[in-house]
file my_file.cif (mmCIF, C-alpha atoms)
data_coords
loop_
_atom_site.label_atom_id
_atom_site.label_comp_id
_atom_site.auth_asym_id
_atom_site.auth_seq_id
_atom_site.Cartn_x
_atom_site.Cartn_y
_atom_site.Cartn_z
CA MET V 1 0.00 0.00 0.00
CA PRO V 2 1.22 3.59 -0.52
CA PRO V 3 2.58 5.41 2.54
CA LEU V 4 0.01 7.33 4.53
CA THR V 5 0.20 11.09 4.43
CA GLU V 6 1.55 12.56 7.64
CA LEU V 7 0.40 16.00 8.72
CA SER V 8 2.78 18.66 7.54
CA PRO V 9 4.36 21.09 10.00
CA THR V 10 3.26 23.81 7.59
CA GLU V 11 -0.36 23.15 8.60
CA PRO V 12 -0.48 24.83 12.03
CA SER V 13 -4.27 24.56 12.21
CA GLN V 14 -3.90 20.78 12.36
CA ILE V 15 -0.74 20.44 14.44
CA GLY V 16 -1.00 20.27 18.21
CA ARG V 17 -3.90 22.63 18.63
CA THR V 18 -4.43 23.81 22.18
CA ALA V 19 -6.73 21.92 24.51
CA PRO V 20 -10.28 23.21 24.29
CA GLU V 21 -11.04 25.99 26.73
CA GLY V 22 -13.78 25.40 29.22
CA LEU V 23 -15.17 22.17 30.55
CA ALA V 24 -16.33 18.81 29.23
CA LEU V 25 -18.88 16.75 31.18
CA TYR V 26 -18.97 12.94 31.24
CA ILE V 27 -21.98 11.11 32.71
CA HIS V 28 -21.52 7.39 33.41
CA TRP V 29 -24.59 5.17 33.25
CA PRO V 30 -23.38 1.83 34.65
CA PHE V 31 -26.13 -0.55 33.51
CA CYS V 32 -26.40 -2.96 30.58
CA GLU V 33 -28.91 -5.64 29.63
CA SER V 34 -26.05 -8.15 29.55
CA LYS V 35 -22.27 -8.17 29.89
CA CYS V 36 -20.37 -8.60 26.61
CA PRO V 37 -17.54 -11.14 26.87
CA TYR V 38 -14.86 -8.66 25.70
CA CYS V 39 -15.96 -5.77 27.92
CA ASP V 40 -13.91 -4.59 30.91
CA PHE V 41 -15.81 -1.31 31.36
CA ASN V 42 -17.65 -0.52 34.58
CA SER V 43 -20.97 -2.02 33.52
CA HIS V 44 -23.46 -4.07 35.51
CA VAL V 45 -26.66 -6.03 34.93
CA ALA V 46 -29.50 -5.07 37.29
CA ASP V 47 -32.92 -6.65 37.78
CA SER V 48 -34.55 -3.24 38.19
CA ILE V 49 -33.49 0.41 38.06
CA ASP V 50 -35.06 3.33 39.92
CA HIS V 51 -34.68 5.94 37.18
CA ASP V 52 -35.94 8.83 39.31
CA ARG V 53 -33.38 8.01 41.99
CA TRP V 54 -30.57 7.94 39.46
CA ALA V 55 -31.65 11.25 37.94
CA ALA V 56 -31.67 12.85 41.37
CA ALA V 57 -28.22 11.44 42.21
CA PHE V 58 -26.63 12.68 38.97
CA CYS V 59 -28.07 16.15 39.59
CA ALA V 60 -26.94 16.13 43.22
CA GLU V 61 -23.37 15.36 42.22
CA LEU V 62 -23.47 18.14 39.62
CA ASP V 63 -24.74 20.49 42.34
CA HIS V 64 -21.77 19.52 44.51
CA PHE V 65 -19.11 20.20 41.90
CA ALA V 66 -20.76 23.40 40.72
CA GLY V 67 -19.72 24.96 44.02
CA GLU V 68 -16.06 24.30 43.23
CA ILE V 69 -15.89 24.70 39.46
CA THR V 70 -17.04 28.14 38.46
CA GLY V 71 -16.81 30.42 35.45
CA LYS V 72 -16.53 27.58 32.93
CA THR V 73 -18.24 27.15 29.59
CA VAL V 74 -19.30 23.59 28.81
CA GLY V 75 -18.34 22.62 25.27
CA SER V 76 -19.40 18.98 25.34
CA ILE V 77 -21.44 16.48 27.32
CA PHE V 78 -21.04 12.74 26.87
CA PHE V 79 -23.38 10.07 28.25
CA GLY V 80 -21.32 6.86 28.35
CA GLY V 81 -21.52 3.51 30.02
CA GLY V 82 -22.76 0.88 30.28
CA THR V 83 -25.64 1.45 27.91
CA PRO V 84 -26.94 5.02 28.26
CA SER V 85 -29.69 4.39 25.72
CA LEU V 86 -31.35 2.39 28.52
CA MET V 87 -31.81 5.66 30.42
CA ASN V 88 -35.14 7.43 30.38
CA PRO V 89 -35.04 10.48 28.10
CA ALA V 90 -36.39 12.42 31.09
CA THR V 91 -33.22 11.55 33.04
CA VAL V 92 -31.05 12.80 30.18
CA GLU V 93 -33.06 16.01 30.01
CA ALA V 94 -32.78 16.54 33.79
CA VAL V 95 -29.00 16.16 33.66
CA ILE V 96 -28.59 18.55 30.72
CA THR V 97 -30.86 21.08 32.44
CA ALA V 98 -28.79 20.84 35.64
CA ILE V 99 -25.56 21.38 33.70
CA ALA V 100 -27.00 24.43 31.94
CA ARG V 101 -28.17 25.80 35.29
CA HIS V 102 -24.67 25.63 36.78
CA TRP V 103 -22.46 26.54 33.83
CA GLN V 104 -22.71 28.39 30.55
CA LEU V 105 -23.55 25.85 27.84
CA ASP V 106 -21.85 26.66 24.55
CA ALA V 107 -24.36 27.36 21.79
CA GLN V 108 -22.59 24.75 19.65
CA ALA V 109 -22.07 22.22 22.46
CA GLU V 110 -21.69 18.62 21.34
CA ILE V 111 -24.01 16.39 23.41
CA THR V 112 -23.42 12.70 22.72
CA LEU V 113 -25.17 9.55 23.93
CA GLU V 114 -23.85 6.03 23.44
CA ALA V 115 -26.56 3.67 22.22
CA ASN V 116 -27.07 0.04 21.39
CA PRO V 117 -28.59 -0.49 17.94
CA SER V 118 -31.47 -2.65 19.06
CA SER V 119 -34.91 -1.91 17.68
CA VAL V 120 -36.24 -1.05 21.16
CA GLU V 121 -33.56 1.54 21.81
CA ALA V 122 -33.67 3.00 18.28
CA ASN V 123 -37.36 3.72 18.90
CA ARG V 124 -36.26 6.01 21.74
CA PHE V 125 -33.98 8.19 19.59
CA ALA V 126 -36.64 10.86 19.03
CA GLY V 127 -37.08 11.19 22.80
CA PHE V 128 -33.33 11.58 23.32
CA HIS V 129 -33.18 14.20 20.58
CA ALA V 130 -36.00 16.13 22.24
CA ALA V 131 -34.10 15.90 25.55
CA GLY V 132 -31.09 17.68 24.02
CA ILE V 133 -28.91 14.95 22.49
CA ASN V 134 -27.42 16.07 19.15
CA ARG V 135 -25.02 13.20 18.47
CA VAL V 136 -25.22 9.43 19.01
CA SER V 137 -22.48 6.82 19.04
CA LEU V 138 -23.81 3.38 18.13
CA GLY V 139 -22.21 0.19 19.43
CA VAL V 140 -22.63 -1.77 16.20
CA GLN V 141 -19.30 -3.67 16.61
CA ALA V 142 -19.70 -5.90 13.52
CA LEU V 143 -21.60 -6.07 10.25
CA ASP V 144 -22.00 -9.83 10.37
CA ASP V 145 -24.51 -11.86 12.38
CA SER V 146 -22.09 -14.63 13.30
CA ALA V 147 -19.53 -12.08 14.52
CA LEU V 148 -22.22 -10.29 16.53
CA LYS V 149 -23.12 -13.57 18.21
CA PHE V 150 -19.45 -14.27 18.99
CA LEU V 151 -19.10 -10.78 20.53
CA GLY V 152 -22.14 -11.36 22.72
CA ARG V 153 -24.17 -8.58 21.13
CA ARG V 154 -27.95 -8.73 21.56
CA HIS V 155 -28.80 -7.07 18.24
CA SER V 156 -28.80 -8.50 14.73
CA LEU V 157 -27.25 -7.03 11.62
CA ARG V 158 -30.73 -6.05 10.42
CA GLU V 159 -31.37 -4.15 13.64
CA ALA V 160 -27.99 -2.43 13.34
CA LEU V 161 -28.69 -1.28 9.80
CA ASP V 162 -32.12 -0.01 10.82
CA ALA V 163 -30.71 1.85 13.84
CA ILE V 164 -28.06 3.54 11.69
CA GLN V 165 -30.80 4.72 9.34
CA VAL V 166 -32.89 6.07 12.23
CA ALA V 167 -29.84 7.80 13.73
CA ALA V 168 -29.01 9.45 10.41
CA LYS V 169 -32.55 10.82 10.16
CA THR V 170 -32.79 11.93 13.79
CA PHE V 171 -29.43 13.48 14.61
CA SER V 172 -27.24 15.93 12.76
CA ARG V 173 -24.15 13.86 13.69
CA PHE V 174 -23.70 10.19 14.44
CA SER V 175 -20.97 7.59 14.63
CA PHE V 176 -20.71 3.86 15.11
CA ASP V 177 -18.08 1.44 16.41
CA LEU V 178 -16.59 -1.67 14.86
CA ILE V 179 -14.29 -4.28 16.39
CA TYR V 180 -11.72 -6.04 14.21
CA ALA V 181 -8.97 -8.65 14.67
CA ARG V 182 -11.63 -11.15 15.64
CA PRO V 183 -10.48 -14.79 15.66
CA GLU V 184 -9.85 -16.11 12.16
CA GLN V 185 -10.81 -12.79 10.57
CA THR V 186 -9.09 -12.31 7.21
CA VAL V 187 -7.89 -9.11 5.59
CA ALA V 188 -10.20 -9.71 2.62
CA ALA V 189 -13.27 -10.12 4.85
CA TRP V 190 -12.37 -7.01 6.87
CA ARG V 191 -11.85 -5.02 3.69
CA ASP V 192 -15.39 -5.96 2.58
CA GLU V 193 -16.83 -5.08 5.99
CA LEU V 194 -15.09 -1.70 6.03
CA THR V 195 -16.33 -0.94 2.54
CA GLN V 196 -19.87 -1.63 3.72
CA ALA V 197 -19.30 0.52 6.82
CA ILE V 198 -18.18 3.49 4.73
CA ALA V 199 -21.40 3.35 2.75
CA LEU V 200 -23.36 3.51 6.01
CA ALA V 201 -21.24 5.94 8.01
CA GLY V 202 -21.88 9.62 8.31
CA SER V 203 -18.65 11.46 8.93
CA HIS V 204 -17.15 9.54 11.87
CA LEU V 205 -16.22 5.91 12.47
CA SER V 206 -14.46 4.25 15.42
CA VAL V 207 -12.59 0.99 14.80
CA TYR V 208 -11.06 -0.88 17.71
CA GLN V 209 -8.73 -3.84 17.60
CA LEU V 210 -10.02 -6.67 19.78
CA THR V 211 -7.91 -7.12 22.89
CA ILE V 212 -8.45 -9.74 25.57
CA GLU V 213 -8.57 -7.93 28.91
CA PRO V 214 -8.13 -9.60 32.31
CA GLY V 215 -11.40 -10.15 34.13
CA THR V 216 -13.47 -10.54 30.98
CA ALA V 217 -15.27 -13.69 29.88
CA PHE V 218 -12.99 -13.92 26.83
CA HIS V 219 -9.96 -13.88 29.13
CA LYS V 220 -11.45 -16.58 31.34
CA ASP V 221 -12.25 -18.71 28.29
CA ARG V 222 -8.77 -18.07 26.81
CA VAL V 223 -10.13 -16.71 23.55
CA LEU V 224 -7.34 -15.90 21.11
CA THR V 225 -7.31 -13.02 18.64
CA VAL V 226 -5.56 -13.07 15.28
CA ASP V 227 -1.80 -13.46 15.15
CA GLU V 228 0.46 -10.41 15.27
CA ASP V 229 1.16 -10.26 11.53
CA THR V 230 -2.53 -10.50 10.65
CA GLY V 231 -3.34 -7.85 13.25
CA ALA V 232 -0.78 -5.51 11.68
CA ALA V 233 -2.17 -6.16 8.21
CA LEU V 234 -5.73 -5.49 9.43
CA TYR V 235 -4.59 -2.20 10.98
CA GLU V 236 -2.85 -1.13 7.79
CA VAL V 237 -5.81 -1.89 5.54
CA THR V 238 -8.04 0.03 7.97
CA GLN V 239 -5.88 3.13 7.57
CA GLU V 240 -5.67 2.69 3.80
CA ILE V 241 -9.40 2.28 3.17
CA LEU V 242 -10.68 4.94 5.55
CA GLU V 243 -8.11 7.52 4.48
CA ALA V 244 -9.03 6.93 0.84
CA ALA V 245 -12.69 7.44 1.83
CA GLY V 246 -11.92 10.86 3.32
CA MET V 247 -11.97 9.72 6.95
CA PRO V 248 -8.33 9.62 8.05
CA ALA V 249 -7.41 8.59 11.58
CA TYR V 250 -7.24 11.62 13.84
CA GLU V 251 -6.60 9.28 16.80
CA ILE V 252 -5.42 5.68 16.92
CA SER V 253 -8.91 4.16 16.74
CA ASN V 254 -11.01 7.08 15.52
CA HIS V 255 -11.56 8.29 11.97
CA ALA V 256 -13.46 11.34 10.77
CA CYS V 257 -13.94 13.72 7.92
CA PRO V 258 -12.05 16.97 8.65
CA GLY V 259 -13.95 19.00 11.21
CA GLU V 260 -16.12 16.06 12.32
CA GLU V 261 -13.88 14.71 15.07
CA SER V 262 -15.46 13.94 18.45
CA ARG V 263 -15.06 17.25 20.26
CA HIS V 264 -15.58 15.60 23.64
CA ASN V 265 -12.87 12.98 23.18
CA LEU V 266 -10.46 15.60 21.86
CA THR V 267 -10.71 17.24 25.28
CA TYR V 268 -9.27 14.06 26.82
CA TRP V 269 -6.46 13.67 24.31
CA ARG V 270 -5.54 17.36 24.43
CA MET V 271 -5.61 17.30 28.25
CA GLY V 272 -8.36 19.82 28.70
CA SER V 273 -10.55 19.88 31.81
CA TRP V 274 -13.30 17.32 32.17
CA LEU V 275 -15.61 16.42 35.01
CA GLY V 276 -16.85 12.85 35.32
CA ILE V 277 -20.11 12.09 37.10
CA GLY V 278 -21.40 8.65 38.09
CA PRO V 279 -19.97 5.30 39.27
CA GLY V 280 -16.32 4.79 38.35
CA ALA V 281 -16.07 8.11 36.51
CA HIS V 282 -12.74 9.92 36.39
CA SER V 283 -12.04 13.64 36.16
CA ARG V 284 -9.09 15.81 35.26
CA LEU V 285 -9.58 19.41 36.29
CA GLN V 286 -7.13 22.24 35.80
CA LEU V 287 -7.87 24.34 38.86
CA GLU V 288 -5.71 27.43 39.28
CA ASP V 289 -2.11 26.25 38.74
CA THR V 290 -2.62 22.55 39.41
CA THR V 291 -4.28 19.53 37.81
CA SER V 292 -6.55 17.56 40.11
CA ALA V 293 -7.59 13.96 39.44
CA PHE V 294 -10.85 12.56 40.82
CA HIS V 295 -11.95 8.94 40.95
CA HIS V 296 -15.51 8.00 41.92
CA TRP V 297 -16.59 4.83 43.65
CA ARG V 298 -16.86 2.09 41.04
CA SER V 299 -19.74 0.17 42.64
CA PRO V 300 -23.12 1.67 41.67
CA ASP V 301 -24.51 0.94 45.14
CA LYS V 302 -21.51 2.44 46.92
CA TRP V 303 -21.54 5.51 44.66
CA MET V 304 -25.27 6.01 45.18
CA THR V 305 -24.96 5.75 48.97
CA ALA V 306 -22.10 8.26 48.99
CA VAL V 307 -24.01 10.76 46.86
CA GLU V 308 -27.13 10.50 48.97
CA THR V 309 -25.21 10.92 52.25
CA GLU V 310 -22.34 13.23 51.28
CA GLY V 311 -23.51 14.90 48.06
CA HIS V 312 -20.84 13.27 45.87
CA GLY V 313 -19.33 9.88 45.11
CA THR V 314 -15.63 10.78 45.05
CA ALA V 315 -13.51 7.92 46.36
CA LYS V 316 -10.12 9.55 45.80
CA ARG V 317 -8.81 12.96 44.87
CA THR V 318 -5.17 13.72 44.13
CA THR V 319 -3.14 16.62 42.84
CA LEU V 320 -0.92 15.48 39.98
CA THR V 321 2.77 16.17 40.29
CA ALA V 322 4.39 18.08 37.45
CA GLU V 323 6.00 14.82 36.30
CA ASP V 324 2.65 13.00 36.31
CA ASP V 325 1.06 15.86 34.41
CA HIS V 326 3.58 16.10 31.61
CA GLN V 327 3.79 12.33 31.22
CA GLU V 328 -0.01 12.09 30.92
CA THR V 329 0.09 14.90 28.38
CA ILE V 330 2.58 12.96 26.27
CA MET V 331 0.74 9.65 26.66
CA MET V 332 -2.58 11.15 25.61
CA GLY V 333 -1.26 13.55 22.98
CA LEU V 334 0.68 10.92 21.04
CA ARG V 335 -2.59 9.08 20.44
CA LEU V 336 -3.52 11.97 18.16
CA ARG V 337 -2.23 12.29 14.63
CA GLU V 338 -1.58 15.97 15.29
CA GLY V 339 0.61 15.16 18.30
CA ILE V 340 1.60 17.67 20.98
CA ASN V 341 2.36 21.29 20.18
CA ARG V 342 5.88 22.19 21.35
CA GLN V 343 5.15 25.81 22.22
CA ASN V 344 2.06 24.91 24.23
CA PHE V 345 3.94 22.18 26.08
CA GLU V 346 6.86 24.45 26.95
CA THR V 347 4.55 27.26 28.06
CA ARG V 348 2.59 24.96 30.35
CA PHE V 349 5.47 23.02 31.90
CA GLU V 350 8.43 25.39 31.41
CA LYS V 351 10.30 22.39 30.02
CA SER V 352 10.91 20.98 26.57
CA PHE V 353 10.05 17.49 25.36
CA GLU V 354 13.73 16.62 25.52
CA GLU V 355 13.84 17.45 29.25
CA VAL V 356 11.00 15.15 30.30
CA VAL V 357 11.57 12.01 28.23
CA GLU V 358 14.41 9.54 27.81
CA THR V 359 16.50 11.52 25.34
CA SER V 360 18.40 8.56 23.90
CA ALA V 361 15.12 6.70 23.40
CA LEU V 362 13.59 9.76 21.73
CA ASN V 363 16.49 10.00 19.31
CA ASN V 364 16.29 6.30 18.46
CA LEU V 365 12.51 6.40 17.99
CA VAL V 366 12.86 9.36 15.63
CA LYS V 367 15.68 7.67 13.73
CA ASP V 368 13.64 4.46 13.37
CA ASP V 369 10.58 6.39 12.10
CA TYR V 370 8.31 5.84 15.09
CA LEU V 371 8.21 9.51 16.13
CA ILE V 372 8.63 12.94 14.59
CA CYS V 373 10.09 15.63 16.84
CA ASP V 374 10.63 19.06 15.31
CA ASP V 375 10.20 22.74 16.10
CA HIS V 376 6.43 22.44 15.84
CA SER V 377 5.44 19.27 17.68
CA LEU V 378 6.13 15.78 18.96
CA ARG V 379 3.97 13.25 17.13
CA ALA V 380 3.89 9.57 16.27
CA THR V 381 4.14 8.33 12.72
CA SER V 382 1.64 5.82 11.40
CA LYS V 383 4.19 3.15 12.24
CA GLY V 384 4.54 4.52 15.77
CA ARG V 385 0.82 4.74 16.44
CA GLN V 386 0.48 1.07 15.53
CA CYS V 387 2.68 0.10 18.50
CA LEU V 388 2.23 3.15 20.70
CA ASN V 389 2.35 1.30 24.03
CA ALA V 390 5.82 0.01 23.23
CA VAL V 391 6.89 3.47 22.05
CA LEU V 392 5.68 5.07 25.27
CA GLY V 393 7.38 2.36 27.31
CA GLN V 394 10.71 3.42 25.86
CA LEU V 395 10.02 7.14 25.78
CA LEU V 396 8.82 7.53 29.39
#

call {"tool": "encode", "arguments": {"input": "my_file.cif", "output": "structure tokens"}}
result
Amino acid sequence: MPPLTELSPTEPSQIGRTAPEGLALYIHWPFCESKCPYCDFNSHVADSIDHDRWAAAFCAELDHFAGEITGKTVGSIFFGGGTPSLMNPATVEAVITAIARHWQLDAQAEITLEANPSSVEANRFAGFHAAGINRVSLGVQALDDSALKFLGRRHSLREALDAIQVAAKTFSRFSFDLIYARPEQTVAAWRDELTQAIALAGSHLSVYQLTIEPGTAFHKDRVLTVDEDTGAALYEVTQEILEAAGMPAYEISNHACPGEESRHNLTYWRMGSWLGIGPGAHSRLQLEDTTSAFHHWRSPDKWMTAVETEGHGTAKRTTLTAEDDHQETIMMGLRLREGINRQNFETRFEKSFEEVVETSALNNLVKDDYLICDDHSLRATSKGRQCLNAVLGQLL
């Protein structure tokens, strides 16, 4: 395949743009109808859910943090999980209303909800749109019924196709996820599936390589993914096909037409400030001259009890050291094709890249075409993004 085009340092609008000003809000809904065998997210199956109680708890935690975080404009809200499309639209509306009551909501705020593409949940899209959602992210995961069954998904291909159609008609922006490197998956079959996905996609597509995480059913059952060479070939054909379709990777697993990137997720990767609400949610808040990290209780019951007795579910709060902060900035920023802007980094930390990484490793990674480090930015090449964990292990 031809080499992928790297972003040119002469394109400053695309290289290491600053982290979005303001605040991003993440709301974690921890419930699913069933637990997928590959999933290690904080998701739980419950016999019954008191939706009014959950709405009140989310709003109570927002009330708590509003007293500490002031003067911010909210640029994005993301309902993740779990399966947020199992929420009542009234709960979503209550949360958005509470956010708008406490902070200025940007007129162009991106408000995303993750959804399963079942027929039942697709029928609720109009209600979510009326509640304030303007973007959905569909957990399609595969365009093949046998693969969906293997992945433990409860929807069929027909339901997925119907849900994509409803999403396209209901929301101005939508995206869906696919998982590749499934056992025995071939490059030819994945090429066909991606071609079908492009015909269905709007302007954003997320493609994740299947990994077997400890604690999952796949790990317990010792499920194997494709071999390393096939995995690399699948990754390369993904980049080739989606770039040719006008949706290049702006992050390791995320592809979009220019200007259609997930604004919320860019806040994470550019190390902006975000507040996480709900069980197991994390936050990174730049308060005055420090970065504070919050971790909420992971158990839904424990989080709920804490919120109802103390007003919030924070289990741990720490102030990041300067070393923690700049290492996180590098770890997150190198996931992006644009990389990390040198001037912004040096202004924030009063240090250069060369002063906070292993210099000999940096030089070797540049020489071996895993990284580019110049006057404009530090960024990974396509080759480097393919094995970023190993690159970071050497660099940091």

call {"tool": "closest_atom_pairs", "arguments": {"input": "my_file.cif", "of": "stretch 261-291 of chain V", "to": "stretch 200-206 of chain V", "cutoff": "12 Å", "atoms": "all atoms listed in the file", "output": "Markdown table"}}
result
| residue | atom | partner | partner_atom | distance |
| --- | --- | --- | --- | --- |
| V:Glu261 | CA | V:His204 | CA | 6.9 |
| V:Ser262 | CA | V:His204 | CA | 8.1 |
| V:Arg263 | CA | V:His204 | CA | 11.6 |
| V:Asn265 | CA | V:Ser206 | CA | 11.8 |

call {"tool": "residues_around", "arguments": {"input": "my_file.cif", "residues": "stretch 28-36 of chain V", "least_positions_apart": "2", "cutoff": "7 Å", "atoms": "only C-alpha atoms", "output": "PDB file with C-alpha atoms, keeping the file's coordinate frame"}}
result
ATOM      1  CA  TYR V  26     -18.970  12.940  31.240  1.00  0.00           C
ATOM      2  CA  TYR V  38     -14.860  -8.660  25.700  1.00  0.00           C
ATOM      3  CA  CYS V  39     -15.960  -5.770  27.920  1.00  0.00           C
ATOM      4  CA  ASN V  42     -17.650  -0.520  34.580  1.00  0.00           C
ATOM      5  CA  SER V  43     -20.970  -2.020  33.520  1.00  0.00           C
ATOM      6  CA  HIS V  44     -23.460  -4.070  35.510  1.00  0.00           C
ATOM      7  CA  VAL V  45     -26.660  -6.030  34.930  1.00  0.00           C
ATOM      8  CA  ALA V  46     -29.500  -5.070  37.290  1.00  0.00           C
ATOM      9  CA  PHE V  79     -23.380  10.070  28.250  1.00  0.00           C
ATOM     10  CA  GLY V  80     -21.320   6.860  28.350  1.00  0.00           C
ATOM     11  CA  GLY V  81     -21.520   3.510  30.020  1.00  0.00           C
ATOM     12  CA  GLY V  82     -22.760   0.880  30.280  1.00  0.00           C
ATOM     13  CA  THR V  83     -25.640   1.450  27.910  1.00  0.00           C
ATOM     14  CA  PRO V  84     -26.940   5.020  28.260  1.00  0.00           C
ATOM     15  CA  LEU V 151     -19.100 -10.780  20.530  1.00  0.00           C
ATOM     16  CA  GLY V 152     -22.140 -11.360  22.720  1.00  0.00           C
ATOM     17  CA  ARG V 153     -24.170  -8.580  21.130  1.00  0.00           C
ATOM     18  CA  ILE V 277     -20.110  12.090  37.100  1.00  0.00           C
ATOM     19  CA  GLY V 278     -21.400   8.650  38.090  1.00  0.00           C
ATOM     20  CA  PRO V 279     -19.970   5.300  39.270  1.00  0.00           C
ATOM     21  CA  ALA V 281     -16.070   8.110  36.510  1.00  0.00           C
TER      22      ALA V 281
END

call {"tool": "resolve_selection", "arguments": {"input": "my_file.cif", "expression": "the PyMOL selection byres ((chain V and resi 53) around 12)", "output": "PyMOL selection string"}}
result
chain V and resi 48-52+54-60+87-88+91+94+301+304-305+307-308

call {"tool": "resolve_selection", "arguments": {"input": "my_file.cif", "expression": "the PyMOL selection byres ((chain V and resi 25) around 7)", "output": "list of chain:residue names"}}
result
V:Leu23, V:Ala24, V:Tyr26, V:Ile27, V:Ser76, V:Ile77, V:Phe78, V:Trp274, V:Leu275, V:Gly276

call {"tool": "closest_residue", "arguments": {"input": "my_file.cif", "among": "V:Thr73, V:Thr309, V:Thr238, V:Asn123", "to": "V:Ala109", "atoms": "only C-alpha atoms"}}
result
V:Thr73

call {"tool": "closest_residue", "arguments": {"input": "my_file.cif", "among": "V:Asp221, V:Glu338, V:Asp145, V:Glu236", "to": "V:Leu371", "atoms": "all atoms listed in the file"}}
result
V:Glu338

call {"tool": "atom_distance", "arguments": {"input": "my_file.cif", "atom1": "atom CA of V:Val166", "atom2": "atom CA of V:Asp106"}}
result
26.4 Å

call {"tool": "atom_distance", "arguments": {"input": "my_file.cif", "atom1": "atom CA of V:Phe176", "atom2": "atom CA of V:Leu105"}}
result
25.6 Å

call {"tool": "residues_around", "arguments": {"input": "my_file.cif", "residues": "V:Ser146", "least_positions_apart": "3", "cutoff": "12 Å", "atoms": "all atoms listed in the file", "output": "MDAnalysis selection string"}}
result
chainID V and resid 141:143 149:157 182:183 185

call {"tool": "residues_near_point", "arguments": {"input": "my_file.cif", "point": "(-11.1, -7.9, 17.8)", "cutoff": "12 Å", "atoms": "only C-alpha atoms", "output": "ChimeraX atom specification"}}
result
/V:37-39,141-142,147-148,150-151,177-186,190,207-213,218,223-227,230-231,234-235

call {"tool": "atom_distance", "arguments": {"input": "my_file.cif", "atom1": "atom CA of V:Ser292", "atom2": "atom CA of V:Ala306"}}
result
20.2 Å

call {"tool": "resolve_selection", "arguments": {"input": "my_file.cif", "expression": "the PyMOL selection byres ((chain V and resi 345) around 12)", "output": "ChimeraX atom specification"}}
result
/V:16-19,270-271,325-330,333,339-344,346-356,375-378
